[in-house]
>>> print(open('query_29.cif').read())   # mmCIF, C-alpha atoms
data_target
loop_
_atom_site.label_atom_id
_atom_site.label_comp_id
_atom_site.auth_asym_id
_atom_site.auth_seq_id
_atom_site.Cartn_x
_atom_site.Cartn_y
_atom_site.Cartn_z
CA MET A 3 -52.11 40.87 -74.40
CA ILE A 4 -51.72 44.20 -72.59
CA ALA A 5 -54.12 45.83 -75.07
CA ASP A 6 -56.71 43.12 -74.36
CA LEU A 7 -56.31 43.65 -70.64
CA ILE A 8 -56.68 47.42 -70.98
CA GLY A 9 -59.67 46.82 -73.22
CA TRP A 10 -61.28 44.66 -70.55
CA LEU A 11 -60.49 47.11 -67.78
CA THR A 12 -61.83 50.14 -69.64
CA ASN A 13 -65.08 48.47 -70.67
CA PRO A 14 -67.67 50.20 -68.44
CA GLU A 15 -69.82 47.04 -68.51
CA HIS A 16 -67.30 45.35 -66.23
CA TRP A 17 -67.61 48.03 -63.57
CA HIS A 18 -71.38 48.10 -63.03
CA GLY A 19 -74.04 45.88 -61.54
CA SER A 20 -73.85 42.82 -59.36
CA GLU A 21 -71.37 41.08 -61.70
CA GLY A 22 -69.05 44.09 -61.87
CA VAL A 23 -65.62 44.39 -60.29
CA PRO A 24 -66.63 46.68 -57.37
CA ALA A 25 -69.58 44.46 -56.35
CA GLN A 26 -67.54 41.26 -56.58
CA THR A 27 -64.63 42.82 -54.68
CA LEU A 28 -66.99 43.82 -51.88
CA LEU A 29 -68.50 40.34 -51.84
CA HIS A 30 -65.01 38.81 -51.70
CA LEU A 31 -64.09 41.11 -48.85
CA TYR A 32 -67.36 40.33 -47.07
CA TYR A 33 -66.68 36.56 -47.11
CA CYS A 34 -63.18 37.16 -45.81
CA VAL A 35 -64.21 39.47 -42.97
CA VAL A 36 -67.09 37.20 -41.91
CA SER A 37 -65.07 34.00 -41.92
CA VAL A 38 -62.00 35.49 -40.23
CA GLY A 39 -64.36 37.17 -37.72
CA ILE A 40 -66.00 33.85 -36.84
CA ALA A 41 -62.60 32.16 -36.68
CA MET A 42 -61.37 34.90 -34.29
CA LEU A 43 -64.39 34.39 -32.02
CA ILE A 44 -63.50 30.71 -31.76
CA ALA A 45 -59.71 30.77 -31.83
CA ILE A 46 -58.78 33.78 -29.68
CA PRO A 47 -60.61 32.71 -26.49
CA LEU A 48 -59.32 29.16 -26.99
CA GLY A 49 -55.78 30.40 -27.58
CA LEU A 50 -55.95 32.67 -24.54
CA TYR A 51 -57.19 29.82 -22.38
CA ILE A 52 -54.53 27.41 -23.62
CA GLY A 53 -51.78 30.00 -23.36
CA HIS A 54 -52.89 31.21 -19.93
CA THR A 55 -53.26 27.77 -18.38
CA GLY A 56 -50.39 26.22 -20.34
CA ARG A 57 -52.58 23.20 -21.13
CA GLY A 58 -52.81 21.59 -24.57
CA GLY A 59 -50.07 23.69 -26.16
CA THR A 60 -48.43 20.79 -27.98
CA VAL A 61 -51.78 19.71 -29.40
CA VAL A 62 -52.41 23.20 -30.78
CA VAL A 63 -48.99 23.49 -32.38
CA GLY A 64 -49.22 19.99 -33.84
CA ALA A 65 -52.73 20.47 -35.17
CA SER A 66 -51.95 23.79 -36.81
CA ASN A 67 -48.86 22.32 -38.48
CA ALA A 68 -50.87 19.36 -39.77
CA LEU A 69 -53.59 21.70 -41.07
CA ARG A 70 -51.00 23.59 -43.07
CA ALA A 71 -50.68 20.49 -45.24
CA LEU A 72 -54.44 20.16 -45.75
CA PRO A 73 -55.18 21.10 -49.37
CA THR A 74 -57.68 23.96 -49.48
CA LEU A 75 -59.43 22.85 -52.66
CA GLY A 76 -59.87 19.32 -51.28
CA LEU A 77 -61.34 20.60 -48.01
CA VAL A 78 -63.77 22.95 -49.73
CA THR A 79 -64.95 20.46 -52.37
CA MET A 80 -65.41 17.80 -49.68
CA LEU A 81 -67.47 20.08 -47.42
CA VAL A 82 -69.67 21.09 -50.33
CA LEU A 83 -70.25 17.46 -51.34
CA ILE A 84 -71.18 16.60 -47.74
CA PHE A 85 -73.41 19.60 -46.98
CA GLY A 86 -74.65 20.45 -50.44
CA LEU A 87 -73.91 23.34 -52.76
CA GLY A 88 -74.20 26.76 -51.19
CA GLU A 89 -72.40 29.54 -49.41
CA ALA A 90 -72.54 28.08 -45.91
CA PRO A 91 -70.29 25.03 -46.50
CA ALA A 92 -67.81 27.09 -48.51
CA LEU A 93 -67.70 29.68 -45.71
CA ALA A 94 -67.29 26.87 -43.17
CA GLY A 95 -64.24 25.76 -45.15
CA LEU A 96 -62.81 29.28 -44.88
CA VAL A 97 -63.45 29.39 -41.12
CA ILE A 98 -61.73 26.02 -40.60
CA LEU A 99 -58.80 27.28 -42.61
CA ALA A 100 -58.49 30.51 -40.61
CA ILE A 101 -58.67 28.95 -37.13
CA PRO A 102 -55.20 27.33 -36.85
CA ALA A 103 -53.25 30.46 -37.79
CA ILE A 104 -55.15 32.63 -35.28
CA LEU A 105 -55.05 29.94 -32.60
CA SER A 106 -51.33 29.37 -32.89
CA GLY A 107 -50.69 33.13 -33.09
CA THR A 108 -52.66 33.74 -29.89
CA HIS A 109 -51.07 30.79 -28.12
CA ALA A 110 -47.56 31.73 -29.22
CA GLY A 111 -48.23 35.33 -28.17
CA ILE A 112 -49.23 34.38 -24.62
CA ASP A 113 -46.45 31.82 -24.49
CA SER A 114 -43.85 34.41 -25.47
CA VAL A 115 -44.61 36.70 -22.53
CA PRO A 116 -41.51 36.42 -20.31
CA THR A 117 -42.21 34.56 -17.06
CA GLU A 118 -40.60 37.33 -15.00
CA ILE A 119 -43.25 39.75 -16.28
CA VAL A 120 -46.07 37.39 -15.32
CA ASP A 121 -44.38 36.74 -11.97
CA ALA A 122 -44.06 40.48 -11.37
CA ALA A 123 -47.78 40.87 -12.05
CA LYS A 124 -48.47 38.06 -9.58
CA GLY A 125 -46.21 39.70 -7.02
CA MET A 126 -48.14 42.96 -7.42
CA GLY A 127 -51.22 41.06 -6.37
CA MET A 128 -53.01 40.90 -9.70
CA THR A 129 -55.76 38.30 -9.99
CA PRO A 130 -55.45 35.75 -12.82
CA ALA A 131 -58.09 37.64 -14.83
CA GLN A 132 -56.27 40.96 -14.37
CA ARG A 133 -53.02 39.28 -15.39
CA LEU A 134 -54.62 37.91 -18.53
CA TRP A 135 -56.25 41.17 -19.65
CA GLN A 136 -53.72 43.73 -18.47
CA VAL A 137 -50.42 41.91 -18.86
CA GLU A 138 -50.55 38.80 -21.02
CA LEU A 139 -52.96 39.98 -23.74
CA PRO A 140 -51.24 43.33 -24.48
CA ASN A 141 -47.86 41.60 -24.59
CA ALA A 142 -49.25 38.90 -26.87
CA LEU A 143 -50.79 41.36 -29.35
CA PRO A 144 -48.00 41.49 -31.97
CA LEU A 145 -48.01 37.70 -32.46
CA LEU A 146 -51.79 37.51 -32.12
CA ILE A 147 -52.34 40.08 -34.86
CA GLY A 148 -49.65 38.35 -36.92
CA GLY A 149 -51.76 35.20 -36.71
CA VAL A 150 -54.86 37.11 -37.83
CA ARG A 151 -52.90 38.60 -40.73
CA SER A 152 -51.72 35.26 -42.01
CA ALA A 153 -55.22 33.79 -41.56
CA MET A 154 -56.65 36.70 -43.54
CA LEU A 155 -54.18 36.17 -46.39
CA GLN A 156 -55.03 32.49 -46.57
CA VAL A 157 -58.73 33.29 -46.59
CA VAL A 158 -58.43 35.93 -49.33
CA ALA A 159 -56.61 33.34 -51.45
CA THR A 160 -59.02 30.56 -50.57
CA ALA A 161 -62.17 32.60 -51.21
CA THR A 162 -60.81 32.83 -54.76
CA VAL A 163 -60.57 29.05 -54.97
CA ALA A 164 -63.98 28.62 -53.34
CA ALA A 165 -65.54 30.34 -56.36
CA TYR A 166 -65.09 26.90 -57.91
CA VAL A 167 -67.82 25.54 -55.62
CA GLY A 168 -70.20 28.43 -56.15
CA LEU A 169 -68.94 31.28 -53.97
CA GLY A 170 -69.13 34.71 -55.62
CA GLY A 171 -66.35 37.26 -55.50
CA LEU A 172 -63.30 37.90 -57.64
CA GLY A 173 -62.66 34.19 -58.15
CA ARG A 174 -66.01 34.05 -59.94
CA ILE A 175 -64.81 36.61 -62.52
CA LEU A 176 -61.62 34.59 -63.00
CA LEU A 177 -63.45 31.29 -63.51
CA ASN A 178 -66.02 32.89 -65.82
CA GLY A 179 -63.09 34.14 -67.88
CA LEU A 180 -61.66 30.61 -67.94
CA ALA A 181 -65.02 29.20 -69.05
CA ILE A 182 -65.26 31.52 -72.07
CA ASN A 183 -61.52 31.32 -72.74
CA ASP A 184 -61.05 35.06 -72.19
CA TYR A 185 -57.54 35.49 -70.84
CA ALA A 186 -57.88 39.27 -70.46
CA GLN A 187 -60.75 38.75 -68.03
CA MET A 188 -58.81 36.10 -66.08
CA ALA A 189 -55.75 38.32 -65.88
CA ALA A 190 -57.82 41.32 -64.76
CA ALA A 191 -59.48 39.24 -62.03
CA ALA A 192 -56.13 37.80 -60.94
CA MET A 193 -54.72 41.32 -60.75
CA PHE A 194 -57.58 42.52 -58.55
CA ILE A 195 -57.23 39.45 -56.31
CA ALA A 196 -53.54 40.20 -55.87
CA LEU A 197 -54.23 43.89 -55.21
CA LEU A 198 -56.96 43.02 -52.71
CA ALA A 199 -54.59 40.69 -50.83
CA VAL A 200 -51.91 43.37 -50.61
CA ALA A 201 -54.42 46.06 -49.61
CA VAL A 202 -56.03 43.92 -46.89
CA ASP A 203 -52.59 43.06 -45.50
CA LEU A 204 -51.60 46.73 -45.44
CA VAL A 205 -54.79 47.64 -43.55
CA LEU A 206 -54.13 44.92 -40.98
CA ALA A 207 -50.52 46.07 -40.66
CA GLY A 208 -51.88 49.55 -39.92
CA ILE A 209 -54.30 48.20 -37.31
CA SER A 210 -51.46 46.26 -35.74
CA ARG A 211 -49.41 49.45 -35.52
CA LEU A 212 -52.29 51.24 -33.79
CA MET A 213 -53.03 48.45 -31.34
CA VAL A 214 -49.64 47.20 -30.23
CA PRO A 215 -48.68 48.97 -26.99
CA ARG A 216 -46.03 51.65 -27.37
CA GLY A 217 -43.72 49.97 -24.86
CA LEU A 218 -43.43 46.84 -26.97
CA VAL A 219 -42.61 48.87 -30.07
CA LEU A 220 -39.88 50.71 -28.18
CA ILE A 221 -38.36 47.44 -26.93
CA ALA A 222 -38.35 45.99 -30.45
CA GLU A 223 -36.69 49.15 -31.80
CA ALA A 224 -34.08 49.11 -29.05
CA ASN A 225 -33.30 45.44 -29.79
CA ARG A 226 -32.94 46.17 -33.48
CA ALA A 227 -30.64 49.12 -32.84
CA GLY A 228 -28.54 46.98 -30.49
CA ASN A 229 -27.84 44.37 -33.16
CA MET B 17 -68.34 5.71 -48.65
CA ILE B 18 -66.18 2.65 -47.82
CA GLU B 19 -67.73 0.81 -50.74
CA GLU B 20 -66.99 3.75 -53.00
CA LEU B 21 -63.37 3.75 -51.83
CA LEU B 22 -62.98 0.01 -52.47
CA HIS B 23 -64.48 0.42 -55.91
CA PHE B 24 -62.05 3.27 -56.53
CA PHE B 25 -59.01 1.18 -55.66
CA ALA B 26 -60.28 -1.91 -57.49
CA SER B 27 -60.33 -0.05 -60.79
CA PRO B 28 -56.94 -0.17 -62.54
CA GLY B 29 -57.83 2.94 -64.56
CA TYR B 30 -58.25 4.97 -61.37
CA ARG B 31 -55.10 3.56 -59.84
CA GLU B 32 -53.13 4.58 -62.88
CA MET B 33 -54.67 8.06 -62.89
CA VAL B 34 -53.86 8.54 -59.21
CA LEU B 35 -50.25 7.50 -59.75
CA THR B 36 -49.86 9.90 -62.69
CA LEU B 37 -51.35 12.77 -60.69
CA LEU B 38 -49.16 11.91 -57.71
CA GLY B 39 -46.08 12.01 -59.94
CA GLU B 40 -47.18 15.39 -61.28
CA HIS B 41 -47.76 16.64 -57.77
CA VAL B 42 -44.29 15.59 -56.63
CA TYR B 43 -42.74 17.32 -59.63
CA LEU B 44 -44.80 20.51 -59.26
CA SER B 45 -44.06 20.87 -55.55
CA LEU B 46 -40.47 19.67 -55.18
CA VAL B 47 -38.82 21.30 -58.22
CA PRO B 48 -39.92 24.75 -56.93
CA LEU B 49 -38.67 23.83 -53.46
CA VAL B 50 -35.15 23.15 -54.76
CA LEU B 51 -35.19 26.15 -57.11
CA GLY B 52 -36.57 28.39 -54.35
CA VAL B 53 -33.73 27.43 -52.00
CA LEU B 54 -31.20 28.15 -54.76
CA VAL B 55 -32.76 31.59 -55.38
CA ALA B 56 -33.12 32.48 -51.70
CA LEU B 57 -29.48 31.70 -50.82
CA PRO B 58 -27.83 34.52 -52.83
CA PHE B 59 -30.55 37.00 -51.82
CA GLY B 60 -30.22 36.08 -48.16
CA ARG B 61 -26.47 36.43 -48.51
CA LEU B 62 -26.87 39.86 -50.13
CA ALA B 63 -29.16 40.98 -47.32
CA GLN B 64 -26.58 39.79 -44.80
CA ARG B 65 -23.65 41.58 -46.42
CA HIS B 66 -25.37 44.81 -47.39
CA ARG B 67 -27.53 46.29 -44.68
CA GLN B 68 -29.11 48.88 -46.96
CA LEU B 69 -30.49 46.06 -49.17
CA ARG B 70 -32.07 44.29 -46.22
CA GLY B 71 -35.27 46.35 -45.99
CA PRO B 72 -36.08 46.33 -49.73
CA LEU B 73 -35.29 42.61 -50.12
CA LEU B 74 -37.37 41.52 -47.13
CA GLY B 75 -40.17 43.88 -48.18
CA ALA B 76 -40.27 42.51 -51.72
CA ALA B 77 -40.26 38.96 -50.36
CA SER B 78 -43.22 39.65 -48.09
CA ILE B 79 -45.21 41.24 -50.93
CA PHE B 80 -44.66 38.17 -53.13
CA TYR B 81 -45.74 35.99 -50.27
CA THR B 82 -48.94 38.02 -49.93
CA LEU B 83 -50.15 37.28 -53.47
CA PRO B 84 -52.73 34.46 -53.72
CA SER B 85 -51.33 31.48 -55.62
CA LEU B 86 -54.21 31.18 -58.09
CA ALA B 87 -53.68 34.82 -59.12
CA LEU B 88 -49.99 34.09 -59.74
CA PHE B 89 -50.78 30.93 -61.75
CA VAL B 90 -52.94 33.10 -64.02
CA LEU B 91 -50.73 36.21 -64.21
CA ILE B 92 -47.41 34.49 -64.94
CA PRO B 93 -48.43 33.32 -68.45
CA GLY B 94 -49.39 36.93 -69.28
CA VAL B 95 -45.98 38.18 -68.22
CA LEU B 96 -43.91 35.38 -69.75
CA GLY B 97 -46.05 34.35 -72.69
CA THR B 98 -46.22 30.71 -71.55
CA PRO B 99 -49.46 28.83 -72.29
CA LEU B 100 -52.04 29.10 -69.50
CA LEU B 101 -51.99 25.35 -68.85
CA SER B 102 -48.22 25.01 -68.78
CA PRO B 103 -46.77 23.48 -65.60
CA VAL B 104 -44.05 26.14 -65.87
CA ASN B 105 -46.50 28.64 -64.36
CA VAL B 106 -47.01 26.57 -61.24
CA VAL B 107 -43.30 25.83 -60.92
CA LEU B 108 -42.43 29.51 -61.25
CA ALA B 109 -45.13 30.74 -58.90
CA LEU B 110 -44.15 28.26 -56.19
CA THR B 111 -40.45 28.98 -56.72
CA LEU B 112 -41.24 32.63 -56.05
CA TYR B 113 -43.15 31.65 -52.90
CA THR B 114 -40.41 29.38 -51.63
CA ALA B 115 -37.75 32.00 -52.28
CA ALA B 116 -39.89 34.73 -50.70
CA LEU B 117 -40.49 32.58 -47.63
CA LEU B 118 -36.82 31.61 -47.30
CA VAL B 119 -34.98 34.94 -47.74
CA ARG B 120 -35.49 35.92 -44.10
CA PRO B 121 -34.61 32.48 -42.67
CA VAL B 122 -31.46 32.37 -44.84
CA LEU B 123 -30.51 35.76 -43.43
CA ASP B 124 -31.31 34.65 -39.86
CA ALA B 125 -29.48 31.37 -40.40
CA LEU B 126 -26.35 33.09 -41.68
CA GLU B 127 -26.49 35.61 -38.84
CA SER B 128 -26.76 32.74 -36.35
CA VAL B 129 -23.21 31.64 -37.23
CA PRO B 130 -21.02 33.01 -34.42
CA GLY B 131 -18.67 35.79 -35.49
CA HIS B 132 -15.60 34.17 -33.95
CA ILE B 133 -16.06 31.14 -36.21
CA THR B 134 -16.10 33.17 -39.42
CA ALA B 135 -13.19 35.20 -38.07
CA ALA B 136 -11.26 32.00 -37.40
CA ALA B 137 -11.96 30.73 -40.90
CA THR B 138 -10.78 34.03 -42.35
CA ALA B 139 -7.62 33.87 -40.28
CA MET B 140 -6.97 30.35 -41.59
CA GLY B 141 -6.93 31.85 -45.08
CA TYR B 142 -10.45 30.94 -46.28
CA ARG B 143 -11.49 33.21 -49.12
CA PRO B 144 -15.03 34.61 -48.77
CA TRP B 145 -16.65 32.16 -51.23
CA ARG B 146 -15.01 29.09 -49.81
CA ARG B 147 -15.72 30.29 -46.28
CA PHE B 148 -19.37 30.76 -47.21
CA ALA B 149 -19.72 27.32 -48.82
CA THR B 150 -17.71 25.25 -46.36
CA VAL B 151 -18.11 27.05 -43.02
CA GLU B 152 -21.06 29.43 -42.85
CA LEU B 153 -23.59 27.50 -44.92
CA PRO B 154 -23.16 24.16 -43.12
CA LEU B 155 -23.42 25.87 -39.73
CA ALA B 156 -26.54 27.71 -40.92
CA THR B 157 -28.21 24.45 -42.01
CA PRO B 158 -30.29 23.72 -38.88
CA VAL B 159 -32.11 27.08 -38.95
CA LEU B 160 -32.47 26.86 -42.71
CA ILE B 161 -33.89 23.35 -42.85
CA SER B 162 -36.68 24.14 -40.41
CA ALA B 163 -37.83 26.91 -42.79
CA VAL B 164 -37.48 24.59 -45.79
CA ARG B 165 -39.77 22.13 -43.98
CA VAL B 166 -42.47 24.82 -43.70
CA ALA B 167 -42.01 25.73 -47.37
CA SER B 168 -42.27 22.11 -48.50
CA VAL B 169 -45.54 21.55 -46.65
CA SER B 170 -47.08 24.76 -47.97
CA ASN B 171 -45.94 24.00 -51.55
CA ILE B 172 -47.43 20.52 -51.43
CA SER B 173 -50.75 21.91 -50.23
CA LEU B 174 -50.72 24.85 -52.70
CA VAL B 175 -50.05 22.86 -55.88
CA SER B 176 -53.58 21.45 -55.93
CA VAL B 177 -55.06 24.97 -56.23
CA GLY B 178 -53.87 24.91 -59.86
CA ALA B 179 -56.47 22.22 -60.57
CA VAL B 180 -59.11 24.96 -60.68
CA ILE B 181 -57.61 26.11 -64.00
CA GLY B 182 -56.54 22.62 -65.07
CA ILE B 183 -52.98 22.10 -63.75
CA GLY B 184 -52.39 20.80 -60.29
CA GLY B 185 -51.42 17.19 -59.67
CA LEU B 186 -53.58 15.57 -57.00
CA GLY B 187 -55.86 18.61 -57.15
CA GLY B 188 -57.27 16.97 -60.28
CA LEU B 189 -58.91 14.45 -57.94
CA PHE B 190 -60.74 17.30 -56.17
CA THR B 191 -62.15 18.90 -59.32
CA ASP B 192 -62.98 15.52 -60.89
CA GLY B 193 -64.55 14.22 -57.68
CA PHE B 194 -66.54 17.42 -57.26
CA GLN B 195 -67.91 17.36 -60.81
CA ASN B 196 -68.85 13.69 -60.64
CA ASP B 197 -70.17 13.86 -57.07
CA HIS B 198 -67.54 11.27 -56.20
CA MET B 199 -66.45 11.72 -52.60
CA ALA B 200 -63.96 8.81 -52.59
CA GLU B 201 -61.77 10.61 -55.10
CA ILE B 202 -61.61 13.74 -52.96
CA VAL B 203 -60.79 11.75 -49.83
CA VAL B 204 -58.04 9.84 -51.66
CA GLY B 205 -56.66 13.17 -52.90
CA ILE B 206 -56.61 14.70 -49.42
CA VAL B 207 -55.04 11.65 -47.80
CA LEU B 208 -52.35 11.34 -50.48
CA THR B 209 -51.52 15.05 -50.19
CA LEU B 210 -51.13 14.74 -46.42
CA LEU B 211 -49.03 11.56 -46.81
CA LEU B 212 -46.81 13.22 -49.40
CA ALA B 213 -46.27 16.18 -47.08
CA LEU B 214 -45.38 13.80 -44.24
CA VAL B 215 -42.95 11.73 -46.34
CA VAL B 216 -41.17 14.83 -47.70
CA ASP B 217 -40.95 16.22 -44.17
CA LEU B 218 -39.36 12.99 -42.91
CA LEU B 219 -36.90 13.07 -45.81
CA LEU B 220 -35.95 16.64 -44.89
CA VAL B 221 -35.38 15.66 -41.27
CA TRP B 222 -33.19 12.81 -42.49
CA LEU B 223 -31.29 15.20 -44.78
CA TRP B 224 -30.80 17.56 -41.84
CA ARG B 225 -29.24 14.74 -39.75
CA LEU B 226 -27.04 13.83 -42.69
CA LEU B 227 -25.86 17.40 -43.21
CA THR B 228 -25.17 18.20 -39.56
CA PRO B 229 -23.29 15.21 -38.16
CA TRP B 230 -21.80 17.41 -35.40
CA SER B 231 -25.20 17.98 -33.80
CA ARG B 232 -25.36 14.26 -32.97
CA VAL B 233 -21.82 14.29 -31.58
CA ASP B 234 -22.75 17.26 -29.37
CA LYS B 235 -25.68 15.35 -28.00
CA VAL B 236 -23.59 12.27 -27.20
CA VAL B 237 -20.88 14.36 -25.57
CA SER B 238 -23.28 16.42 -23.46
CA GLU B 239 -25.06 13.36 -22.10
CA PRO B 240 -23.81 12.45 -18.62
#
>>> encode(input="query_29.cif", output="structure tokens")
Amino acid sequence: MIADLIGWLTNPEHWHGSEGVPAQTLLHLYYCVVSVGIAMLIAIPLGLYIGHTGRGGTVVVGASNALRALPTLGLVTMLVLIFGLGEAPALAGLVILAIPAILSGTHAGIDSVPTEIVDAAKGMGMTPAQRLWQVELPNALPLLIGGVRSAMLQVVATATVAAYVGLGGLGRILLNGLAINDYAQMAAAAMFIALLAVAVDLVLAGISRLMVPRGLVLIAEANRAGN
Amino acid sequence: MIEELLHFFASPGYREMVLTLLGEHVYLSLVPLVLGVLVALPFGRLAQRHRQLRGPLLGAASIFYTLPSLALFVLIPGVLGTPLLSPVNVVLALTLYTAALLVRPVLDALESVPGHITAAATAMGYRPWRRFATVELPLATPVLISAVRVASVSNISLVSVGAVIGIGGLGGLFTDGFQNDHMAEIVVGIVLTLLLALVVDLLLVWLWRLLTPWSRVDKVVSEP
């Protein structure tokens, strides 16, 4: 088993060209970044609006909980049957999947900002827009980025499944291995998918560390030390 | 579409297939849920008692939770030597997920039990194990169950991913419907998955009420 896997991994054929591991990894990553990017463009403004005005919060929370139960494979196969085979419907499935996590992260982030902080900003004479950009958004960042992280993980996993309806990427290598009954190839693909998920999550964790305001980090550390 | 659906339900062969797949789905999602809780409890307890284990345990849990399910379904047979199409792979992968998801809530739930209560139990002569089983665990139930509800929903939705490689309960309706260009099958699969998630969630809420009778008493007492 291990020998087969090493054999597959060390075969230079699997590392070159458009079907090779590097090309498919990049393609996988490309789908993920594009669909999470589109989802962010839709979900973050919506989440900020809902969080800032306090309207529609229950709907958002309810909808994102319900979407958690929606089976990925069912959603993707259905969209492809409706809109025809191709990358666009599969990518649309990924975007739909990514929206709830980012939306509820953004909303929860704004919602978690203590009212006394918002009131203080009001008392200092900040306009609603200033409050949103200078007070609420920075304070909401940890939860917002947490939402993006969990959306990204779901999308990395789902892009794998979407190979079933014609998307390229690492899932393609896995399913090709299944089709020719080559377990070594499936295992190698599965390993790269797992590594990609961990790597992407680490990068986002790093970005989160860079972006979250220092004051919030210090408060969290102080709370942890106090426990 | 409607016609297709009616045709689908009129055929006894389809009905039987759907029931079999539903049964499989229940098995593949709920067995891991129970096993995952059983695995998470001792680890959560360890993390509570030994602070130096907390970081590594929570870190390992979050790494497991990061791995895509399809990758786990494929890698587990390589590690264990089980056949690729064995349901054991799905059960194990989802058990790992459930446990990984629950370690932190178990820890939080146990920490939510007020110190004076455990101290009182100790003073009454409860040995650590009995105190854990009869005092701390019941009081930790509310926090724990809400995490179990999340895990149950995500398990039920994840099982169908296995259909891509040929094991996955209701997911079979998605792959079959896709190959035969048969939308009704996919819709039935999605609706049944959502219904199953809803029913299991209601059962968990009911279980929660059953396990925490005092929370109802509190409510009655605090009402004016």
>>> interface_residues(input="query_29.cif", of="chain A", to="chain B", cutoff="9 Å", atoms="all atoms listed in the file", output="PDB file with C-alpha atoms, keeping the file's coordinate frame")
ATOM      1  CA  MET A   3     -52.110  40.870 -74.400  1.00  0.00           C
ATOM      2  CA  ILE A   4     -51.720  44.200 -72.590  1.00  0.00           C
ATOM      3  CA  ASN A  67     -48.860  22.320 -38.480  1.00  0.00           C
ATOM      4  CA  ALA A  68     -50.870  19.360 -39.770  1.00  0.00           C
ATOM      5  CA  ARG A  70     -51.000  23.590 -43.070  1.00  0.00           C
ATOM      6  CA  ALA A  71     -50.680  20.490 -45.240  1.00  0.00           C
ATOM      7  CA  LEU A  72     -54.440  20.160 -45.750  1.00  0.00           C
ATOM      8  CA  PRO A  73     -55.180  21.100 -49.370  1.00  0.00           C
ATOM      9  CA  THR A  74     -57.680  23.960 -49.480  1.00  0.00           C
ATOM     10  CA  LEU A  75     -59.430  22.850 -52.660  1.00  0.00           C
ATOM     11  CA  GLY A  76     -59.870  19.320 -51.280  1.00  0.00           C
ATOM     12  CA  LEU A  77     -61.340  20.600 -48.010  1.00  0.00           C
ATOM     13  CA  THR A  79     -64.950  20.460 -52.370  1.00  0.00           C
ATOM     14  CA  MET A  80     -65.410  17.800 -49.680  1.00  0.00           C
ATOM     15  CA  VAL A  82     -69.670  21.090 -50.330  1.00  0.00           C
ATOM     16  CA  LEU A  83     -70.250  17.460 -51.340  1.00  0.00           C
ATOM     17  CA  ILE A  84     -71.180  16.600 -47.740  1.00  0.00           C
ATOM     18  CA  SER A 152     -51.720  35.260 -42.010  1.00  0.00           C
ATOM     19  CA  LEU A 155     -54.180  36.170 -46.390  1.00  0.00           C
ATOM     20  CA  GLN A 156     -55.030  32.490 -46.570  1.00  0.00           C
ATOM     21  CA  VAL A 158     -58.430  35.930 -49.330  1.00  0.00           C
ATOM     22  CA  ALA A 159     -56.610  33.340 -51.450  1.00  0.00           C
ATOM     23  CA  THR A 160     -59.020  30.560 -50.570  1.00  0.00           C
ATOM     24  CA  THR A 162     -60.810  32.830 -54.760  1.00  0.00           C
ATOM     25  CA  VAL A 163     -60.570  29.050 -54.970  1.00  0.00           C
ATOM     26  CA  TYR A 166     -65.090  26.900 -57.910  1.00  0.00           C
ATOM     27  CA  VAL A 167     -67.820  25.540 -55.620  1.00  0.00           C
ATOM     28  CA  GLY A 173     -62.660  34.190 -58.150  1.00  0.00           C
ATOM     29  CA  LEU A 176     -61.620  34.590 -63.000  1.00  0.00           C
ATOM     30  CA  LEU A 177     -63.450  31.290 -63.510  1.00  0.00           C
ATOM     31  CA  LEU A 180     -61.660  30.610 -67.940  1.00  0.00           C
ATOM     32  CA  TYR A 185     -57.540  35.490 -70.840  1.00  0.00           C
ATOM     33  CA  ALA A 186     -57.880  39.270 -70.460  1.00  0.00           C
ATOM     34  CA  MET A 188     -58.810  36.100 -66.080  1.00  0.00           C
ATOM     35  CA  ALA A 189     -55.750  38.320 -65.880  1.00  0.00           C
ATOM     36  CA  ALA A 190     -57.820  41.320 -64.760  1.00  0.00           C
ATOM     37  CA  ALA A 191     -59.480  39.240 -62.030  1.00  0.00           C
ATOM     38  CA  ALA A 192     -56.130  37.800 -60.940  1.00  0.00           C
ATOM     39  CA  MET A 193     -54.720  41.320 -60.750  1.00  0.00           C
ATOM     40  CA  PHE A 194     -57.580  42.520 -58.550  1.00  0.00           C
ATOM     41  CA  ILE A 195     -57.230  39.450 -56.310  1.00  0.00           C
ATOM     42  CA  ALA A 196     -53.540  40.200 -55.870  1.00  0.00           C
ATOM     43  CA  LEU A 197     -54.230  43.890 -55.210  1.00  0.00           C
ATOM     44  CA  LEU A 198     -56.960  43.020 -52.710  1.00  0.00           C
ATOM     45  CA  ALA A 199     -54.590  40.690 -50.830  1.00  0.00           C
ATOM     46  CA  VAL A 200     -51.910  43.370 -50.610  1.00  0.00           C
ATOM     47  CA  ASP A 203     -52.590  43.060 -45.500  1.00  0.00           C
TER      48      ASP A 203
END
>>> atom_distance(input="query_29.cif", atom1="atom CA of A:Leu218", atom2="atom CA of A:Gln132")
18.9 Å
>>> closest_residue(input="query_29.cif", among="A:Ile119, A:Ala92, A:Ala181, A:Leu172", to="A:Thr27", atoms="only C-alpha atoms")
A:Leu172
>>> residues_around(input="query_29.cif", residues="stretch 126-133 of chain B", least_positions_apart="2", cutoff="12 Å", atoms="only C-alpha atoms", output="number ranges by chain")
A: 229; B: 57-65, 118-124, 135-140, 142, 147-160
>>> resolve_selection(input="query_29.cif", expression="the PyMOL selection byres ((chain A and resi 34-48) around 7)", output="VMD selection string")
chain A and resid 30 to 33 49 to 52 93 96 to 97 100 to 101 104 to 105 108 154 157 to 158
>>> closest_residue(input="query_29.cif", among="B:Leu35, B:Ala116, B:Val233, B:Met17", to="B:Leu208", atoms="all atoms listed in the file")
B:Leu35
